[in-house]
$ cat work-v2.cif   # mmCIF, C-alpha atoms and all ligand atoms
data_start
#
loop_
_atom_site.label_atom_id
_atom_site.label_comp_id
_atom_site.auth_asym_id
_atom_site.auth_seq_id
_atom_site.Cartn_x
_atom_site.Cartn_y
_atom_site.Cartn_z
CA MET A 2 20.10 3.36 60.18
CA ILE A 3 19.06 6.09 62.59
CA ILE A 4 20.60 5.52 66.01
CA ARG A 5 19.73 8.86 67.57
CA TYR A 6 16.56 10.70 66.58
CA ARG A 7 16.17 14.47 66.52
CA LYS A 8 13.72 16.16 68.85
CA LYS A 9 12.61 19.73 69.16
CA PRO A 10 15.59 21.56 70.72
CA LEU A 11 15.27 22.17 74.45
CA SER A 12 16.05 25.87 73.97
CA LEU A 13 13.18 26.20 71.48
CA GLN A 14 10.81 24.34 73.82
CA LYS A 15 11.79 26.82 76.53
CA ILE A 16 11.27 29.89 74.34
CA ASP A 17 7.86 28.62 73.17
CA SER A 18 6.78 27.99 76.78
CA LEU A 19 8.04 31.39 77.83
CA ILE A 20 6.22 33.23 75.03
CA ALA A 21 2.97 31.54 76.09
CA ARG A 22 3.53 32.62 79.70
CA LEU A 23 4.48 36.26 79.40
CA PRO A 24 1.92 39.06 79.29
CA GLU A 25 1.34 40.52 75.82
CA GLY A 26 3.35 43.69 75.56
CA HIS A 27 6.20 42.33 77.69
CA PRO A 28 9.34 44.31 76.70
CA LYS A 29 11.20 41.11 75.67
CA MET A 30 8.33 39.62 73.64
CA ALA A 31 9.47 40.87 70.21
CA MET A 32 13.01 39.60 70.79
CA LEU A 33 11.72 36.20 71.96
CA ARG A 34 9.41 35.83 68.98
CA LYS A 35 12.27 36.64 66.62
CA GLN A 36 14.53 34.08 68.30
CA ALA A 37 11.76 31.45 68.28
CA ALA A 38 11.16 31.98 64.56
CA MET A 39 14.89 31.66 63.81
CA ASP A 40 15.27 28.52 65.92
CA GLN A 41 12.15 26.97 64.38
CA LYS A 42 13.50 27.66 60.91
CA GLY A 43 16.79 26.01 61.83
CA PHE A 44 14.95 23.00 63.27
CA ASN A 45 12.80 22.69 60.12
CA GLY A 46 15.97 22.73 58.01
CA GLU A 47 17.51 19.96 60.10
CA ARG A 48 14.35 17.87 59.72
CA LYS A 49 14.62 18.28 55.96
CA LEU A 50 18.11 16.80 56.20
CA ASP A 51 16.71 13.90 58.30
CA TYR A 52 14.20 13.14 55.57
CA HIS A 53 16.95 12.77 52.97
CA ILE A 54 19.59 10.91 54.99
CA GLU A 55 17.03 8.36 56.17
CA SER A 56 17.35 6.85 52.70
CA LEU A 57 20.96 5.81 53.35
CA SER A 58 21.45 2.07 53.73
CA ASP A 59 22.08 0.32 57.04
CA ASP A 60 25.81 0.57 56.33
CA TYR A 61 25.53 4.08 57.72
CA SER A 62 24.78 4.84 61.37
CA ILE A 63 23.05 8.19 61.75
CA LEU A 64 23.27 10.19 64.97
CA ASN A 65 21.25 13.37 64.91
CA ASP A 66 21.60 16.40 67.15
CA VAL A 67 24.82 15.34 68.84
CA CYS A 68 26.13 17.45 71.71
CA PHE A 69 29.15 16.59 73.87
CA SER A 70 31.51 18.37 76.24
CA LEU A 71 35.27 18.47 75.94
CA TYR A 72 37.46 20.50 78.31
CA GLY A 73 34.28 22.11 79.66
CA LYS A 74 33.21 23.35 76.23
CA LYS A 75 30.11 22.09 74.47
CA THR A 76 30.14 21.06 70.83
CA GLN A 77 26.96 20.62 68.83
CA ILE A 78 26.69 18.67 65.58
CA ASP A 79 23.49 18.67 63.50
CA SER A 80 24.09 15.16 62.16
CA LEU A 81 26.86 12.59 62.25
CA ILE A 82 26.93 9.80 59.71
CA ILE A 83 29.31 6.98 60.54
CA SER A 84 30.27 4.16 58.20
CA VAL A 85 32.94 1.50 58.49
CA GLN A 86 35.15 3.69 56.29
CA ALA A 87 34.61 7.22 57.58
CA ILE A 88 32.78 9.75 59.74
CA PHE A 89 30.76 12.57 58.14
CA ILE A 90 29.76 15.74 59.97
CA ILE A 91 26.75 17.53 58.47
CA GLU A 92 25.94 21.10 59.46
CA VAL A 93 22.66 22.52 58.18
CA LYS A 94 22.25 26.19 57.30
CA SER A 95 18.84 27.68 56.68
CA TYR A 96 19.98 30.99 55.19
CA GLU A 97 17.94 32.20 52.25
CA GLY A 98 18.84 34.41 49.32
CA VAL A 99 22.25 34.76 47.71
CA ILE A 100 25.04 33.65 50.04
CA THR A 101 28.59 34.57 49.14
CA PHE A 102 31.60 32.62 50.40
CA ASP A 103 34.99 34.31 50.31
CA PRO A 104 37.47 31.50 51.07
CA GLU A 105 40.49 33.79 51.03
CA LEU A 106 39.19 36.16 53.69
CA ARG A 107 37.09 33.37 55.25
CA GLN A 108 33.97 35.48 55.11
CA CYS A 109 30.36 34.63 54.41
CA TYR A 110 27.67 37.19 53.76
CA ARG A 111 24.39 38.01 52.12
CA VAL A 112 23.55 41.31 50.48
CA MET A 113 19.94 42.40 50.75
CA GLU A 114 18.69 45.76 49.61
CA GLY A 115 22.26 47.03 49.46
CA GLU A 116 22.99 46.01 53.07
CA ALA A 117 25.52 43.23 53.76
CA GLU A 118 24.60 40.76 56.49
CA ARG A 119 27.57 38.78 57.72
CA PHE A 120 27.51 35.23 59.03
CA LYS A 121 30.19 33.31 60.91
CA TYR A 122 32.25 31.56 58.24
CA PRO A 123 30.60 28.11 58.19
CA ILE A 124 33.74 26.29 57.05
CA THR A 125 35.72 27.63 60.04
CA GLN A 126 32.86 26.57 62.33
CA VAL A 127 32.72 23.04 60.99
CA GLU A 128 36.51 22.69 60.93
CA ALA A 129 36.50 23.49 64.65
CA ILE A 130 33.86 20.78 65.16
CA GLN A 131 35.96 18.35 63.14
CA SER A 132 39.08 18.91 65.26
CA THR A 133 37.12 18.69 68.53
CA LEU A 134 35.53 15.41 67.45
CA LEU A 135 38.93 14.10 66.40
CA ARG A 136 40.34 15.01 69.82
CA LEU A 137 37.39 13.42 71.63
CA LEU A 138 37.91 10.16 69.76
CA GLN A 139 41.69 10.26 70.21
CA LEU A 140 41.28 10.66 73.97
CA ALA A 141 38.91 7.69 73.99
CA GLY A 142 41.39 5.59 72.00
CA LEU A 143 38.97 5.46 69.09
CA SER A 144 40.82 7.30 66.34
CA GLY A 145 41.40 5.76 62.95
CA LEU A 146 38.47 6.78 60.75
CA PRO A 147 38.88 9.89 58.58
CA ILE A 148 36.42 12.70 59.39
CA TYR A 149 34.77 14.55 56.49
CA TYR A 150 32.24 17.36 56.67
CA PHE A 151 29.54 19.09 54.67
CA ILE A 152 27.68 22.35 55.08
CA ALA A 153 24.21 21.71 53.71
CA PHE A 154 21.71 24.44 52.84
CA SER A 155 18.14 23.45 53.60
CA GLU A 156 16.58 25.52 50.80
CA ARG A 157 17.30 24.71 47.19
CA SER A 158 16.40 28.33 46.41
CA THR A 159 19.46 29.52 48.34
CA LEU A 160 22.04 30.56 45.78
CA VAL A 161 25.66 30.01 46.75
CA LYS A 162 28.30 32.23 45.19
CA VAL A 163 32.03 32.02 45.65
CA LYS A 164 34.34 34.99 45.49
CA GLY A 165 37.73 33.79 44.31
CA GLU A 166 38.94 30.19 44.41
CA GLU A 167 35.90 27.89 44.16
CA GLU A 168 37.23 24.39 44.68
CA SER A 169 37.56 24.41 48.49
CA VAL A 170 33.96 25.66 48.84
CA LYS A 171 32.45 23.38 46.18
CA LYS A 172 33.94 20.36 47.92
CA VAL A 173 32.08 20.91 51.18
CA VAL A 174 29.06 23.13 50.53
CA THR A 175 25.92 21.38 49.31
CA TYR A 176 22.13 21.10 49.73
CA VAL A 177 20.40 18.75 52.17
CA GLU A 178 18.93 16.60 49.38
CA ASP A 179 22.43 16.01 47.92
CA VAL A 180 23.98 14.87 51.20
CA PRO A 181 23.28 11.11 50.75
CA PHE A 182 24.86 11.14 47.30
CA GLN A 183 27.91 13.12 48.44
CA VAL A 184 28.44 10.85 51.45
CA MET A 185 28.10 7.66 49.39
CA ASN A 186 30.41 9.08 46.74
CA ILE A 187 33.27 9.57 49.21
CA ASN A 188 32.53 6.32 50.98
CA GLU A 189 32.61 4.27 47.79
CA LYS A 190 35.94 5.80 46.78
CA LEU A 191 37.35 4.77 50.16
CA ILE A 192 36.10 1.21 49.61
CA GLU A 193 37.71 1.14 46.14
CA GLN A 194 41.01 2.45 47.47
CA LYS A 195 41.00 -0.29 50.06
CA SER A 196 43.36 1.98 51.93
CA LEU A 197 41.34 1.46 55.05
CA GLN A 198 40.57 -1.91 56.45
CA GLN A 199 36.93 -2.51 57.09
CA ASN A 200 36.74 -1.96 60.77
CA ASN A 201 33.29 -2.82 61.94
CA GLN A 202 34.31 -3.07 65.53
CA LEU A 203 35.83 0.43 65.59
CA ARG A 204 32.70 1.91 63.99
CA ASN A 205 30.45 0.24 66.56
CA LYS A 206 32.65 1.42 69.42
CA ILE A 207 32.59 5.01 68.11
CA VAL A 208 28.80 4.96 67.80
CA GLN A 209 28.46 3.54 71.30
CA TYR A 210 30.93 6.04 72.79
CA ILE A 211 29.21 9.06 71.25
CA MET A 212 25.78 7.81 72.32
CA GLN A 213 27.02 7.42 75.89
CA HIS A 214 28.49 10.94 75.91
CA CYS A 215 25.61 12.74 74.19
CA GLU A 216 23.97 15.51 76.19
CA ASP A 217 20.97 17.69 75.55
CA PHE A 218 22.08 21.18 74.66
CA ASP A 219 20.55 23.36 77.32
CA LYS A 220 20.65 27.02 78.24
CA ASP A 221 19.26 29.29 80.91
CA ILE A 222 16.72 31.14 78.84
CA LEU A 223 15.56 33.51 81.61
CA ARG A 224 19.10 34.67 82.20
CA GLU A 225 19.86 34.95 78.49
CA PHE A 226 16.90 37.26 77.90
CA ASP A 227 17.12 38.86 81.34
CA ILE A 228 13.58 37.92 82.36
CA LYS A 229 12.50 37.60 85.99
CA LYS A 230 10.75 34.48 87.26
CA ASP A 231 8.02 36.75 88.64
CA ASP A 232 7.16 37.81 85.08
CA ILE A 233 6.06 34.25 84.25
CA LEU A 234 2.27 33.93 84.28
CA THR A 235 0.83 31.04 86.28
CA GLY A 236 -2.29 29.00 85.47
CA VAL A 237 -3.38 26.25 83.11
CA HIS A 238 -3.73 26.89 79.37
CA CYS A 239 -6.78 25.75 77.43
CA SER A 240 -5.63 23.53 74.57
CA GLU A 241 -8.61 24.65 72.44
CA CYS A 242 -8.46 28.44 72.65
CA HIS A 243 -5.10 28.95 74.47
CA HIS A 244 -6.78 30.98 77.18
CA LEU A 245 -4.66 30.97 80.35
CA GLY A 246 -6.72 30.28 83.47
CA MET A 247 -8.65 27.03 83.23
CA VAL A 248 -10.60 26.34 86.40
CA ARG A 249 -10.53 23.04 88.31
CA LYS A 250 -14.09 21.73 88.74
CA ILE A 251 -15.01 18.23 89.96
CA GLY A 252 -12.00 16.43 88.51
CA ASN A 253 -11.88 18.43 85.28
CA TRP A 254 -10.27 21.56 83.90
CA CYS A 255 -12.89 23.92 82.49
CA CYS A 256 -12.17 26.86 80.23
CA PRO A 257 -14.17 29.96 81.19
CA ASN A 258 -13.48 31.38 77.74
CA CYS A 259 -14.67 28.60 75.40
CA ASP A 260 -16.24 26.02 77.79
CA ALA A 261 -13.75 23.33 76.74
CA VAL A 262 -13.23 20.56 79.30
CA SER A 263 -10.02 18.61 79.84
CA LYS A 264 -8.71 16.01 82.25
CA THR A 265 -5.04 16.49 81.38
CA ALA A 266 -4.53 20.20 80.65
CA HIS A 267 -2.29 20.55 83.73
CA LEU A 268 0.36 18.22 82.26
CA LYS A 269 1.45 20.84 79.74
CA SER A 270 1.56 23.44 82.53
CA LEU A 271 3.80 21.21 84.61
CA GLN A 272 6.06 20.82 81.58
CA ASP A 273 6.24 24.61 81.34
CA TYR A 274 7.18 24.68 85.02
CA ALA A 275 9.97 22.16 84.45
CA LEU A 276 11.26 24.05 81.41
CA LEU A 277 11.17 27.53 82.91
CA ILE A 278 11.43 27.21 86.68
CA GLY A 279 12.74 23.83 87.79
CA SER A 280 12.30 20.10 87.47
CA THR A 281 11.16 19.61 91.07
CA ILE A 282 8.05 21.10 92.64
CA THR A 283 6.40 21.16 96.08
CA ASN A 284 2.70 20.84 96.73
CA VAL A 285 2.50 24.56 97.62
CA GLN A 286 4.38 25.62 94.46
CA CYS A 287 2.18 23.36 92.34
CA SER A 288 -1.06 24.67 93.89
CA HIS A 289 0.12 28.21 93.19
CA PHE A 290 1.22 27.45 89.61
CA LEU A 291 -1.95 25.56 88.62
CA HIS A 292 -4.33 27.82 90.64
CA ILE A 293 -5.67 25.01 92.81
CA GLN A 294 -7.22 25.89 96.16
CA SER A 295 -7.01 22.53 97.90
CA ARG A 296 -3.64 20.92 98.62
CA HIS A 297 -5.41 17.54 98.68
CA THR A 298 -6.50 18.08 95.08
CA THR A 299 -2.93 19.06 94.18
CA LYS A 300 -1.59 15.93 95.86
CA TYR A 301 -4.10 13.80 93.96
CA ILE A 302 -3.15 15.45 90.65
CA LEU A 303 0.57 14.96 91.30
CA GLN A 304 0.04 11.32 92.24
CA GLN A 305 -2.04 10.65 89.13
CA SER A 306 0.21 12.44 86.62
CA PRO A 307 2.21 10.01 84.46
CA THR A 308 5.11 12.46 84.17
CA ILE A 309 5.45 13.11 87.92
CA LYS A 310 7.34 11.02 90.45
CA LYS A 311 7.67 11.48 94.20
CA HIS A 312 11.23 12.74 94.73
CA SER A 313 11.54 13.28 98.48
CA ARG A 314 9.23 13.95 101.41
CA VAL A 315 8.12 17.32 100.02
CA LEU A 316 9.42 17.35 96.46
CA TRP A 317 7.95 15.91 93.28
CA LYS A 318 10.05 15.37 90.17
CA ILE A 319 8.67 16.41 86.78
CA LYS A 320 9.98 14.01 84.18
CA HIS A 321 10.85 15.58 80.89
CA PRO A 322 9.01 13.77 78.15
CA SER A 323 11.65 12.95 75.58
CA ASN A 324 10.32 12.13 72.17
CA ARG A 325 13.77 11.03 71.14
CA THR A 326 13.75 7.27 70.87
CA PHE A 327 16.81 5.13 70.74
CA ARG A 328 17.10 2.13 68.53
CA LYS A 329 20.00 -0.27 68.46
ZN ZN A 401 -10.72 27.63 75.88
#
$ encode --input "work-v2.cif" --output "structure tokens"
Amino acid sequence: MIIRYRKKPLSLQKIDSLIARLPEGHPKMAMLRKQAAMDQKGFNGERKLDYHIESLSDDYSILNDVCFSLYGKKTQIDSLIISVQAIFIIEVKSYEGVITFDPELRQCYRVMEGEAERFKYPITQVEAIQSTLLRLLQLAGLSGLPIYYFIAFSERSTLVKVKGEEESVKKVVTYVEDVPFQVMNINEKLIEQKSLQQNNQLRNKIVQYIMQHCEDFDKDILREFDIKKDDILTGVHCSECHHLGMVRKIGNWCCPNCDAVSKTAHLKSLQDYALLIGSTITNVQCSHFLHIQSRHTTKYILQQSPTIKKHSRVLWKIKHPSNRTFRK
């Protein structure tokens, strides 16, 4: 049963908005596009995992895209699967090609055209996640379930090689489509062993605790890429031809490039504002950002927008539309 759904990562939403609002030829454009492509690939890989783990029975609670803080440090987990017997951490990797694990030196790399590209050793990464999660649950008085983990490649075409001792890698490295089987396999052995009492209450408390402490992983994208706020282009995008600079005419947004007409094109622009500049906006800032001449028109637009709420005398709050839905 899916308890927490995955949504497009906030950092990727920010990069996509930024790319659409920087002038072509901006010095950071190539770097941003590269990062966006990498993040999108990672997100696609995680969604492939979602597709496969959805088939697990209701005995398993699935929490996707978990992020929590402990001692001021954030920990991100692609998916957590929690049964009455155990907790499973799943980390998705979208590397392609031939990936070599060296468990002795704890190295992971890919050789392409004679050049070795190194990755952080995934098993070390996920072991760190495992111990942080264990600590989080201990501190909450919710320890008791064993925590297992898997590193799942999203592409079946990725070839995994092991240099040296294979067993420790084979045990934890898999493909996204094999995750349900691997999880059920361990879980059924635990049921057979009867070494652990079925503890429904503990499982429910763990799920509830993690849900209450889940955060959205966020980062300051302008600072990360060293981009000034002044570089961000203002205006309303046309949803048909992506031209930036729709014009407000008698209650509609009109595109001077393709003649498309829209009533709601400004909503996406206000989302961009919230993602890149701030979640509150004044009438003056809004008029400037949307290229509206009359502050009365701006006020009307803000009042009518479903994602905007009056925040204080001069500030309006832009609500972030979350497409993550929670189900009990
Ligand atoms: Zn257009």
$ atom_distance --input "work-v2.cif" --atom1 "atom CA of Pro257 of chain A" --atom2 "atom CA of Ser270 of chain A"
17.1 Å
$ closest_residue --input "work-v2.cif" --among "A:Cys287, A:Val237, A:Leu135, A:Leu316" --to "ligand ZN 401 (chain A)" --atoms "only C-alpha atoms and all ligand atoms"
A:Val237
$ atom_distance --input "work-v2.cif" --atom1 "atom CA of Met113 of chain A" --atom2 "atom CA of Glu156 of chain A"
17.2 Å
$ residues_near_ligand --input "work-v2.cif" --ligand "ligand ZN 401 (chain A)" --cutoff "9 Å" --atoms "only C-alpha atoms and all ligand atoms" --output "ChimeraX atom specification"
/A:238-247,255-262
$ atom_distance --input "work-v2.cif" --atom1 "atom CA of Leu137 of chain A" --atom2 "atom CA of Tyr122 of chain A"
23.1 Å
$ residues_around --input "work-v2.cif" --residues "Arg314 of chain A" --least-positions-apart "4" --cutoff "12 Å" --atoms "all atoms listed in the file" --output "list in words"
Thr281, Ile282, Thr283, Asn284, Lys310 and Lys318 of chain A
$ residues_around --input "work-v2.cif" --residues "Val285 of chain A" --least-positions-apart "5" --cutoff "12 Å" --atoms "only C-alpha atoms" --output "PDB file with C-alpha atoms, in the coordinates of the input"
ATOM      1  CA  PHE A 290       1.220  27.450  89.610  1.00  0.00           C
ATOM      2  CA  LEU A 291      -1.950  25.560  88.620  1.00  0.00           C
ATOM      3  CA  HIS A 292      -4.330  27.820  90.640  1.00  0.00           C
ATOM      4  CA  ILE A 293      -5.670  25.010  92.810  1.00  0.00           C
ATOM      5  CA  GLN A 294      -7.220  25.890  96.160  1.00  0.00           C
ATOM      6  CA  SER A 295      -7.010  22.530  97.900  1.00  0.00           C
ATOM      7  CA  ARG A 296      -3.640  20.920  98.620  1.00  0.00           C
ATOM      8  CA  HIS A 297      -5.410  17.540  98.680  1.00  0.00           C
ATOM      9  CA  THR A 298      -6.500  18.080  95.080  1.00  0.00           C
ATOM     10  CA  THR A 299      -2.930  19.060  94.180  1.00  0.00           C
ATOM     11  CA  LYS A 300      -1.590  15.930  95.860  1.00  0.00           C
ATOM     12  CA  LEU A 303       0.570  14.960  91.300  1.00  0.00           C
ATOM     13  CA  VAL A 315       8.120  17.320 100.020  1.00  0.00           C
ATOM     14  CA  LEU A 316       9.420  17.350  96.460  1.00  0.00           C
ATOM     15  CA  TRP A 317       7.950  15.910  93.280  1.00  0.00           C
TER      16      TRP A 317
END
$ residues_around --input "work-v2.cif" --residues "segment 202-217 of chain A" --least-positions-apart "5" --cutoff "12 Å" --atoms "all atoms listed in the file" --output "ChimeraX atom specification"
/A:2-12,60-71,75-78,81-88,134-135,137-147,197,321,323,325,327-329
$ residues_near_point --input "work-v2.cif" --point "(0.9, 17.2, 81.8)" --cutoff "9 Å" --atoms "only C-alpha atoms" --output "PyMOL selection string"
chain A and resi 265-272+306-309
$ residues_around --input "work-v2.cif" --residues "segment 48-51 of chain A" --least-positions-apart "4" --cutoff "8 Å" --atoms "all atoms listed in the file" --output "PDB file with C-alpha atoms, in the frame of the given file"
ATOM      1  CA  ARG A   7      16.170  14.470  66.520  1.00  0.00           C
ATOM      2  CA  PHE A  44      14.950  23.000  63.270  1.00  0.00           C
ATOM      3  CA  GLU A  55      17.030   8.360  56.170  1.00  0.00           C
ATOM      4  CA  VAL A  93      22.660  22.520  58.180  1.00  0.00           C
ATOM      5  CA  SER A 155      18.140  23.450  53.600  1.00  0.00           C
ATOM      6  CA  VAL A 177      20.400  18.750  52.170  1.00  0.00           C
ATOM      7  CA  GLU A 178      18.930  16.600  49.380  1.00  0.00           C
ATOM      8  CA  VAL A 180      23.980  14.870  51.200  1.00  0.00           C
TER       9      VAL A 180
END
